[in-house]
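Participant: To start, I am sharing the structure in question, which I have written as structure tokens.
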Amino acid sequence: MLRPEDMLKVIFGYTARIANERKLDNILLLMADMGREMIQADRCTLWLLDRESNELRTRVAHNVSEMRIPANSGLVGHTILTGQSVIIEDAYRDARFNQEVDKATGYRTKSILVIPIRDSEGEIMGAFQAINKTTPEAVFEPRDIEFLTLAAYYSGKSLEAAMLANEIEETQREIIFVMGEVGETRSKETGYHVKRVAEYSKILALGYGLSEEEADLIKTASPMHDIGKVAIPDSILKKPGRLTPEEFEHMKQHTTIGYNLMKNSKRRILKAAATIALQHHERWNGTGYPYGLKEGEIHLYGRITAVADVFDALGSERVYKKAWELDRILELFREERGQHFDPDLVDIFFENLDKFVEIKETYQDEGVPLEL
């Protein structure tokens with residue numbers, strides 16, 4: 001068992017890192033690491049209560065991927081329901097233990113400790129679970145409950161704040177996706193177009209070397225690329241034939257309209273969406289619109305969305321054209337490498353072509369549920 005001075009070092013070391021962390025998954029992992037180190041457990045898991053679905057979920061656990069179980073399931077469910085901490089010496093001799101998790105992971109649980117995690121108002125928002133004490137006795141003690149409760153207390157504020165921020169961002173994602181669908185529906189395009197463009201954009205971003213977080217940002221923001229179309233007249237937007245030069249000039253305004261709708265937002269998602277809306281029709285060689293930017297003058301987000309948008313638009317039927325065959329689309333991308341499109345992104349596109357095709361087949365325009 002850790003000495004008191006060592007215990008304090010662990011607590012204050014981790015809580016300082018947790019307080020400076022904003023991403024929910026990172027906070028959960030730090031809390032799991034802290035708990036494991038404090039009470040000498042083989043594994044720790046943070047379970048969060050999803051009241052809407054009445055489920056317990058863990059997005060972060062040692063050596064375990066995301067899991068969801070009913071809120072009343074197992075020892076964690078018992079703690080959530082009763083608010084009581086529990087210590088079990090042999091999990092398989094306790095009727096409350098849910099053996100399905102072990103079956104799913106191939107792990108063998110023996111001793112268990114579970115405590116509730118409460119928010120600032122005293123409501124239970126989840127549970128801290130430790131598995132398999134690593135001392136020779138291999139059994140958790142009442143003092144371990146005190147230590148784990150202390151860990152939950154010191155890190156609970158940061159966890160609660162991160163959960164709220166995460167909920168706000170999820171709401172933003174939903175609103176942005178719905179607004180993106182509105183823009184596409186006006187021009188008789190489907191919500192599947194914005195879904196596919198979002199998925200393609202993330203693949204390109206990761207291939208370019210961006211972090212998972214920034215790739216997710218582009219994926220979230222890209223559905224708003226054509227939001228400015230809400231202000232374009234139906235006579236132009238839904239015209240089945242070629243646009244006149246005057247009509248095309250009017251159509252091009254959807255880029256600046258979309259930008260102006262979002263440019264003053266301080267939210268990072270909407271700021272990214274504003275940039276994408278403005279620049280996704282710029283071309284690598286400077287012949288695009290609205291400003292004729294070229295090469296690195298075009299923001300990377302705009303260059304990425306341009307590849308994703310054109311690939312999907314060419315392969316989809318529109319009021320003014322039939323869908324192109326894949327070979328014809330690929331030939332165009334070869335020809336437009338370094339002309340319309342960033343050459344590096346075209347290379348990434350071809351390297352990941354199988355993923356693009358899989359997404360195209362998965363999210364077809366009929367009968368596939370939309371989930372961003």
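Chain labels A, B, ... are given in the sequence in which chains occur in the structure tokens; within each chain residues are numbered consecutively from 1, and ligands are likewise numbered from 1 in the order shown.
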I'd like the neighbourhood of range 150-152 of chain A as a VMD selection string, where a residue qualifies if any of its atoms comes within 8 Å (using only C-alpha atoms), though same-chain residues fewer than 3 positions away should be ignored.
Facilitator: chain A and resid 11 31 34 to 35 117 128 146 to 147 155 to 156
Participant: Would you export the selected residues with N, CA, C and O atoms as a PDB file, in the first residue's frame, please?
Facilitator:
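What landed in selection.pdb:
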```pdb
ATOM      1  N   ILE A  11      -2.302  11.802  -6.086  1.00  0.00           N
ATOM      2  CA  ILE A  11      -3.544  12.561  -6.226  1.00  0.00           C
ATOM      3  C   ILE A  11      -3.292  13.920  -6.864  1.00  0.00           C
ATOM      4  O   ILE A  11      -3.926  14.293  -7.853  1.00  0.00           O
ATOM      5  N   MET A  31      -8.254   9.540 -14.986  1.00  0.00           N
ATOM      6  CA  MET A  31      -8.902   9.090 -13.753  1.00  0.00           C
ATOM      7  C   MET A  31      -8.710   7.595 -13.545  1.00  0.00           C
ATOM      8  O   MET A  31      -8.460   7.125 -12.418  1.00  0.00           O
ATOM      9  N   MET A  34      -5.157   7.070 -12.414  1.00  0.00           N
ATOM     10  CA  MET A  34      -4.997   7.499 -11.030  1.00  0.00           C
ATOM     11  C   MET A  34      -5.557   6.460 -10.065  1.00  0.00           C
ATOM     12  O   MET A  34      -4.905   6.099  -9.075  1.00  0.00           O
ATOM     13  N   GLY A  35      -6.752   5.981 -10.345  1.00  0.00           N
ATOM     14  CA  GLY A  35      -7.364   4.992  -9.473  1.00  0.00           C
ATOM     15  C   GLY A  35      -6.564   3.703  -9.404  1.00  0.00           C
ATOM     16  O   GLY A  35      -6.355   3.132  -8.322  1.00  0.00           O
ATOM     17  N   ILE A 117     -19.871   7.787  -8.544  1.00  0.00           N
ATOM     18  CA  ILE A 117     -19.323   9.125  -8.789  1.00  0.00           C
ATOM     19  C   ILE A 117     -20.503  10.081  -8.850  1.00  0.00           C
ATOM     20  O   ILE A 117     -21.458   9.856  -9.600  1.00  0.00           O
ATOM     21  N   PHE A 128     -16.921   4.325 -10.531  1.00  0.00           N
ATOM     22  CA  PHE A 128     -15.496   3.997 -10.606  1.00  0.00           C
ATOM     23  C   PHE A 128     -15.376   2.526 -10.257  1.00  0.00           C
ATOM     24  O   PHE A 128     -15.776   2.109  -9.169  1.00  0.00           O
ATOM     25  N   GLU A 146     -12.077   4.462   0.475  1.00  0.00           N
ATOM     26  CA  GLU A 146     -11.791   5.834   0.881  1.00  0.00           C
ATOM     27  C   GLU A 146     -10.866   6.509  -0.126  1.00  0.00           C
ATOM     28  O   GLU A 146     -11.086   7.660  -0.516  1.00  0.00           O
ATOM     29  N   PHE A 147      -9.832   5.791  -0.547  1.00  0.00           N
ATOM     30  CA  PHE A 147      -8.871   6.376  -1.486  1.00  0.00           C
ATOM     31  C   PHE A 147      -9.512   6.650  -2.846  1.00  0.00           C
ATOM     32  O   PHE A 147      -9.303   7.698  -3.460  1.00  0.00           O
ATOM     33  N   SER A 155     -11.296  14.829  -8.782  1.00  0.00           N
ATOM     34  CA  SER A 155     -11.376  14.912 -10.250  1.00  0.00           C
ATOM     35  C   SER A 155     -12.803  15.081 -10.755  1.00  0.00           C
ATOM     36  O   SER A 155     -13.020  15.308 -11.946  1.00  0.00           O
ATOM     37  N   GLY A 156     -13.783  14.983  -9.863  1.00  0.00           N
ATOM     38  CA  GLY A 156     -15.187  15.019 -10.279  1.00  0.00           C
ATOM     39  C   GLY A 156     -15.601  16.305 -10.957  1.00  0.00           C
ATOM     40  O   GLY A 156     -16.383  16.296 -11.912  1.00  0.00           O
TER      41      GLY A 156
END
```
Participant: Using only C-alpha atoms, which of the listed residues (A:Ala91, A:Leu330, A:Ala231, A:Val139) sits closest to Phe356 in chain A?
Facilitator: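 Of the candidates, the smallest distance to Phe356 in chain A is held by A:Leu330.
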Participant: Any idea what the distance is between CA of Gly77 in chain A and CA of Met38 in chain A?
Facilitator: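 A separation of 23.5 Å between them.
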Participant: DSSP on the backbone, then: every residue of range 8-57 of chain A marked alpha helix (DSSP H), written as a list in words.
Facilitator: Leu8, Lys9, Val10, Ile11, Phe12, Gly13, Tyr14, Thr15, Ala16, Arg17, Ile18, Ala19, Leu24, Asp25, Asn26, Ile27, Leu28, Leu29, Leu30, Met31, Ala32, Asp33, Met34, Gly35, Arg36, Glu37, Met38 and Ile39 of chain A
Participant: Mind pulling up the distance from CA of Glu141 in chain A to CA of Leu8 in chain A?
Facilitator: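 The value is 18.8 Å.
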Participant: Looking at only C-alpha atoms, which of A:Ile218, A:Ile269, A:Ile232, A:Leu24 is the one that sits closest to Lys252 in chain A?
Facilitator: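 Using only C-alpha atoms, the shortest distance to Lys252 in chain A belongs to A:Ile232.
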Participant: Can you pull out the residues contacting Ala205 in chain A? Cut-off 10 Å, using only C-alpha atoms, and skip same-chain residues under 5 positions away; I want them as a list in words.
Facilitator: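 Here the answer would be Tyr200, Leu210, Ser211, Glu212, Glu214, Ala215, Asp216, Leu217, Ile218, Lys219, Leu300, Tyr301, Ile304, Thr305, Leu345 and Ile348 of chain A.
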Participant: Write out as a PyMOL selection string all residues of range 22-178 of chain A that backbone DSSP assigns to strand (DSSP E).
Facilitator: chain A and resi 41-50+55-58+67-70+86-88+112-118+124-133
Participant: Using the selection just defined, write its residues with N, CA and C atoms as a compact mmCIF listing (two decimals), in the first residue's frame.
Facilitator:
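Below you can see result.txt, which holds the result:
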```
# COMPACT_ATOMS: atom_id res chain seq x y z
N ALA A 41 -4.68 -1.68 -8.32
CA ALA A 41 -5.58 -2.57 -9.05
C ALA A 41 -4.97 -2.92 -10.40
N ASP A 42 -5.38 -4.04 -10.94
CA ASP A 42 -4.89 -4.41 -12.27
C ASP A 42 -5.53 -3.54 -13.34
N ARG A 43 -6.82 -3.24 -13.15
CA ARG A 43 -7.55 -2.41 -14.12
C ARG A 43 -8.54 -1.50 -13.39
N CYS A 44 -8.76 -0.34 -13.98
CA CYS A 44 -9.82 0.54 -13.51
C CYS A 44 -10.66 0.96 -14.71
N THR A 45 -11.95 1.12 -14.47
CA THR A 45 -12.88 1.51 -15.53
C THR A 45 -13.78 2.63 -15.01
N LEU A 46 -14.00 3.64 -15.84
CA LEU A 46 -14.95 4.70 -15.53
C LEU A 46 -16.22 4.46 -16.32
N TRP A 47 -17.31 4.22 -15.63
CA TRP A 47 -18.61 4.02 -16.27
C TRP A 47 -19.43 5.30 -16.14
N LEU A 48 -20.02 5.75 -17.23
CA LEU A 48 -20.88 6.93 -17.19
C LEU A 48 -22.33 6.51 -17.41
N LEU A 49 -23.22 7.15 -16.69
CA LEU A 49 -24.64 6.84 -16.79
C LEU A 49 -25.28 7.69 -17.88
N ASP A 50 -25.83 7.03 -18.89
CA ASP A 50 -26.58 7.69 -19.95
C ASP A 50 -28.06 7.56 -19.61
N GLU A 55 -28.52 3.43 -20.02
CA GLU A 55 -27.39 2.53 -20.18
C GLU A 55 -26.20 3.04 -19.39
N LEU A 56 -25.31 2.12 -19.08
CA LEU A 56 -23.99 2.45 -18.57
C LEU A 56 -23.02 2.26 -19.72
N ARG A 57 -22.14 3.21 -19.91
CA ARG A 57 -21.19 3.09 -21.01
C ARG A 57 -19.80 3.44 -20.53
N THR A 58 -18.83 2.78 -21.08
CA THR A 58 -17.44 3.12 -20.84
C THR A 58 -16.78 3.35 -22.19
N MET A 67 -17.85 -0.03 -24.33
CA MET A 67 -18.89 -1.01 -24.01
C MET A 67 -20.13 -0.28 -23.52
N ARG A 68 -21.28 -0.90 -23.75
CA ARG A 68 -22.56 -0.41 -23.22
C ARG A 68 -23.31 -1.57 -22.60
N ILE A 69 -23.85 -1.33 -21.41
CA ILE A 69 -24.64 -2.35 -20.73
C ILE A 69 -25.87 -1.67 -20.12
N PRO A 70 -26.94 -2.42 -19.85
CA PRO A 70 -28.11 -1.82 -19.20
C PRO A 70 -27.73 -1.19 -17.87
N VAL A 86 -19.25 -1.13 -3.15
CA VAL A 86 -19.20 -2.56 -2.88
C VAL A 86 -17.77 -3.08 -3.05
N ILE A 87 -17.44 -4.10 -2.24
CA ILE A 87 -16.20 -4.85 -2.38
C ILE A 87 -16.56 -6.32 -2.50
N ILE A 88 -16.04 -6.95 -3.53
CA ILE A 88 -16.30 -8.38 -3.75
C ILE A 88 -14.97 -9.11 -3.82
N ILE A 112 -13.32 -7.23 -6.95
CA ILE A 112 -13.91 -6.01 -7.53
C ILE A 112 -14.19 -4.99 -6.43
N LEU A 113 -13.97 -3.74 -6.78
CA LEU A 113 -14.39 -2.62 -5.94
C LEU A 113 -15.13 -1.63 -6.84
N VAL A 114 -16.29 -1.17 -6.41
CA VAL A 114 -17.06 -0.19 -7.18
C VAL A 114 -17.54 0.91 -6.25
N ILE A 115 -17.34 2.17 -6.67
CA ILE A 115 -17.89 3.30 -5.92
C ILE A 115 -18.68 4.19 -6.87
N PRO A 116 -19.71 4.89 -6.37
CA PRO A 116 -20.45 5.82 -7.22
C PRO A 116 -19.67 7.13 -7.41
N ILE A 117 -19.87 7.79 -8.54
CA ILE A 117 -19.32 9.12 -8.79
C ILE A 117 -20.50 10.08 -8.85
N ARG A 118 -20.43 11.15 -8.05
CA ARG A 118 -21.54 12.09 -7.98
C ARG A 118 -21.14 13.45 -8.55
N ILE A 124 -25.87 10.89 -8.90
CA ILE A 124 -24.92 9.91 -9.43
C ILE A 124 -24.80 10.06 -10.94
N MET A 125 -23.57 10.24 -11.41
CA MET A 125 -23.36 10.38 -12.86
C MET A 125 -22.55 9.22 -13.44
N GLY A 126 -22.10 8.33 -12.55
CA GLY A 126 -21.35 7.19 -13.05
C GLY A 126 -20.76 6.39 -11.91
N ALA A 127 -19.80 5.55 -12.25
CA ALA A 127 -19.17 4.71 -11.23
C ALA A 127 -17.71 4.47 -11.57
N PHE A 128 -16.92 4.33 -10.53
CA PHE A 128 -15.50 4.00 -10.61
C PHE A 128 -15.38 2.53 -10.26
N GLN A 129 -14.85 1.71 -11.16
CA GLN A 129 -14.72 0.28 -10.91
C GLN A 129 -13.26 -0.14 -10.98
N ALA A 130 -12.78 -0.80 -9.94
CA ALA A 130 -11.43 -1.36 -9.92
C ALA A 130 -11.53 -2.88 -9.91
N ILE A 131 -10.63 -3.51 -10.64
CA ILE A 131 -10.69 -4.97 -10.79
C ILE A 131 -9.34 -5.58 -10.45
N ASN A 132 -9.39 -6.65 -9.67
CA ASN A 132 -8.23 -7.50 -9.35
C ASN A 132 -7.10 -6.74 -8.66
N LYS A 133 -7.14 -6.75 -7.35
CA LYS A 133 -6.09 -6.18 -6.51
C LYS A 133 -4.77 -6.89 -6.80
```
Participant: Just to confirm, what's the straight-line distance from CA of Arg267 in chain A to CA of Glu21 in chain A in Å (one decimal)?
Facilitator: 18.2 Å
Participant: I need the residue nearest Ile27 in chain A from this list: A:Asp347, A:Glu160, A:Glu336, A:Glu325. Use only C-alpha atoms for the distance.
Facilitator: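 That would be A:Glu160, the residue with the smallest distance to Ile27 in chain A.
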Participant: Can you pull out every residue within 12 Å of range 351-355 of chain A, counting only C-alpha atoms, but drop anything in the same chain fewer than 4 positions away, and send it as a ChimeraX atom specification?
Facilitator: /A:196,199-208,308,311,326-327,329-330,333,344-347,359-362
Participant: Choose the residue, out of A:Leu293, A:Ser120, A:Val310, A:Ala16, that has the smallest atom-to-atom separation from Leu332 in chain A; count only C-alpha atoms.
Facilitator: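 The shortest atom-to-atom distance to Leu332 in chain A comes from A:Val310.
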Participant: Could you pull the residues within 9 Å of Gly258 in chain A, counting only C-alpha atoms, minus those fewer than 6 positions along the same chain, as a VMD selection string?
Facilitator: chain A and resid 224 to 230 273 to 274 277 to 278
Participant: Could those selected residues go to a file with all heavy atoms, as a PDB file, in the first residue's frame?
Facilitator:
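Dumped everything to part27.pdb:
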```pdb
ATOM      1  N   MET A 224     -21.609  21.765 -43.634  1.00  0.00           N
ATOM      2  CA  MET A 224     -22.118  23.114 -43.849  1.00  0.00           C
ATOM      3  C   MET A 224     -21.521  23.771 -45.090  1.00  0.00           C
ATOM      4  O   MET A 224     -21.712  24.966 -45.319  1.00  0.00           O
ATOM      5  CB  MET A 224     -21.817  23.977 -42.620  1.00  0.00           C
ATOM      6  CG  MET A 224     -22.561  23.560 -41.375  1.00  0.00           C
ATOM      7  SD  MET A 224     -24.286  24.060 -41.389  1.00  0.00           S
ATOM      8  CE  MET A 224     -24.133  25.711 -40.719  1.00  0.00           C
ATOM      9  N   HIS A 225     -20.827  23.008 -45.929  1.00  0.00           N
ATOM     10  CA  HIS A 225     -20.123  23.635 -47.045  1.00  0.00           C
ATOM     11  C   HIS A 225     -21.050  24.373 -48.009  1.00  0.00           C
ATOM     12  O   HIS A 225     -20.662  25.380 -48.592  1.00  0.00           O
ATOM     13  CB  HIS A 225     -19.265  22.603 -47.795  1.00  0.00           C
ATOM     14  CG  HIS A 225     -20.034  21.505 -48.456  1.00  0.00           C
ATOM     15  ND1 HIS A 225     -20.488  20.403 -47.770  1.00  0.00           N
ATOM     16  CD2 HIS A 225     -20.433  21.325 -49.746  1.00  0.00           C
ATOM     17  CE1 HIS A 225     -21.108  19.591 -48.598  1.00  0.00           C
ATOM     18  NE2 HIS A 225     -21.105  20.133 -49.803  1.00  0.00           N
ATOM     19  N   ASP A 226     -22.270  23.890 -48.167  1.00  0.00           N
ATOM     20  CA  ASP A 226     -23.194  24.523 -49.117  1.00  0.00           C
ATOM     21  C   ASP A 226     -24.383  25.196 -48.431  1.00  0.00           C
ATOM     22  O   ASP A 226     -25.418  25.410 -49.057  1.00  0.00           O
ATOM     23  CB  ASP A 226     -23.713  23.479 -50.118  1.00  0.00           C
ATOM     24  CG  ASP A 226     -22.762  23.270 -51.292  1.00  0.00           C
ATOM     25  OD1 ASP A 226     -21.907  24.148 -51.530  1.00  0.00           O
ATOM     26  OD2 ASP A 226     -22.860  22.223 -51.949  1.00  0.00           O
ATOM     27  N   ILE A 227     -24.236  25.560 -47.153  1.00  0.00           N
ATOM     28  CA  ILE A 227     -25.357  26.145 -46.433  1.00  0.00           C
ATOM     29  C   ILE A 227     -25.828  27.446 -47.085  1.00  0.00           C
ATOM     30  O   ILE A 227     -26.997  27.821 -46.985  1.00  0.00           O
ATOM     31  CB  ILE A 227     -24.988  26.389 -44.947  1.00  0.00           C
ATOM     32  CG1 ILE A 227     -26.215  26.787 -44.137  1.00  0.00           C
ATOM     33  CG2 ILE A 227     -23.880  27.425 -44.825  1.00  0.00           C
ATOM     34  CD1 ILE A 227     -27.328  25.765 -44.121  1.00  0.00           C
ATOM     35  N   GLY A 228     -24.931  28.140 -47.785  1.00  0.00           N
ATOM     36  CA  GLY A 228     -25.303  29.386 -48.449  1.00  0.00           C
ATOM     37  C   GLY A 228     -26.336  29.217 -49.549  1.00  0.00           C
ATOM     38  O   GLY A 228     -26.959  30.188 -49.986  1.00  0.00           O
ATOM     39  N   LYS A 229     -26.554  27.966 -49.974  1.00  0.00           N
ATOM     40  CA  LYS A 229     -27.557  27.720 -51.018  1.00  0.00           C
ATOM     41  C   LYS A 229     -28.975  28.049 -50.557  1.00  0.00           C
ATOM     42  O   LYS A 229     -29.882  28.166 -51.383  1.00  0.00           O
ATOM     43  CB  LYS A 229     -27.502  26.259 -51.477  1.00  0.00           C
ATOM     44  CG  LYS A 229     -26.294  25.932 -52.340  1.00  0.00           C
ATOM     45  CD  LYS A 229     -26.336  24.469 -52.776  1.00  0.00           C
ATOM     46  CE  LYS A 229     -25.167  24.114 -53.675  1.00  0.00           C
ATOM     47  NZ  LYS A 229     -25.193  22.679 -54.080  1.00  0.00           N
ATOM     48  N   VAL A 230     -29.171  28.193 -49.245  1.00  0.00           N
ATOM     49  CA  VAL A 230     -30.511  28.522 -48.750  1.00  0.00           C
ATOM     50  C   VAL A 230     -30.975  29.875 -49.285  1.00  0.00           C
ATOM     51  O   VAL A 230     -32.179  30.161 -49.301  1.00  0.00           O
ATOM     52  CB  VAL A 230     -30.563  28.528 -47.208  1.00  0.00           C
ATOM     53  CG1 VAL A 230     -30.264  27.153 -46.652  1.00  0.00           C
ATOM     54  CG2 VAL A 230     -29.615  29.570 -46.609  1.00  0.00           C
ATOM     55  N   ALA A 273     -16.375  25.699 -40.221  1.00  0.00           N
ATOM     56  CA  ALA A 273     -17.426  25.588 -41.238  1.00  0.00           C
ATOM     57  C   ALA A 273     -17.479  26.831 -42.106  1.00  0.00           C
ATOM     58  O   ALA A 273     -17.718  26.746 -43.323  1.00  0.00           O
ATOM     59  CB  ALA A 273     -18.777  25.356 -40.565  1.00  0.00           C
ATOM     60  N   ALA A 274     -17.251  28.010 -41.515  1.00  0.00           N
ATOM     61  CA  ALA A 274     -17.251  29.251 -42.286  1.00  0.00           C
ATOM     62  C   ALA A 274     -16.135  29.236 -43.324  1.00  0.00           C
ATOM     63  O   ALA A 274     -16.339  29.616 -44.491  1.00  0.00           O
ATOM     64  CB  ALA A 274     -17.088  30.447 -41.345  1.00  0.00           C
ATOM     65  N   ALA A 277     -17.086  26.737 -46.103  1.00  0.00           N
ATOM     66  CA  ALA A 277     -18.141  27.279 -46.966  1.00  0.00           C
ATOM     67  C   ALA A 277     -17.563  28.288 -47.964  1.00  0.00           C
ATOM     68  O   ALA A 277     -17.947  28.313 -49.137  1.00  0.00           O
ATOM     69  CB  ALA A 277     -19.231  27.935 -46.123  1.00  0.00           C
ATOM     70  N   LEU A 278     -16.626  29.105 -47.498  1.00  0.00           N
ATOM     71  CA  LEU A 278     -16.060  30.156 -48.344  1.00  0.00           C
ATOM     72  C   LEU A 278     -15.116  29.609 -49.405  1.00  0.00           C
ATOM     73  O   LEU A 278     -15.106  30.088 -50.541  1.00  0.00           O
ATOM     74  CB  LEU A 278     -15.315  31.162 -47.467  1.00  0.00           C
ATOM     75  CG  LEU A 278     -14.702  32.371 -48.183  1.00  0.00           C
ATOM     76  CD1 LEU A 278     -15.802  33.250 -48.766  1.00  0.00           C
ATOM     77  CD2 LEU A 278     -13.816  33.165 -47.231  1.00  0.00           C
TER      78      LEU A 278
END
```
Participant: Of the candidates A:Thr275, A:Glu246, A:Ala198, A:Asn285, which one gets nearest to Leu261 in chain A if we count only C-alpha atoms?
Facilitator: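 Closest to Leu261 in chain A of all the choices is A:Thr275.
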Participant: Using only C-alpha atoms, which of A:Thr15, A:Thr149, A:Lys321, A:Gly302 sits nearest Lys238 in chain A?
Facilitator: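 Of A:Thr15, A:Thr149, A:Lys321, A:Gly302, the one nearest Lys238 in chain A is A:Lys321, counting only C-alpha atoms.
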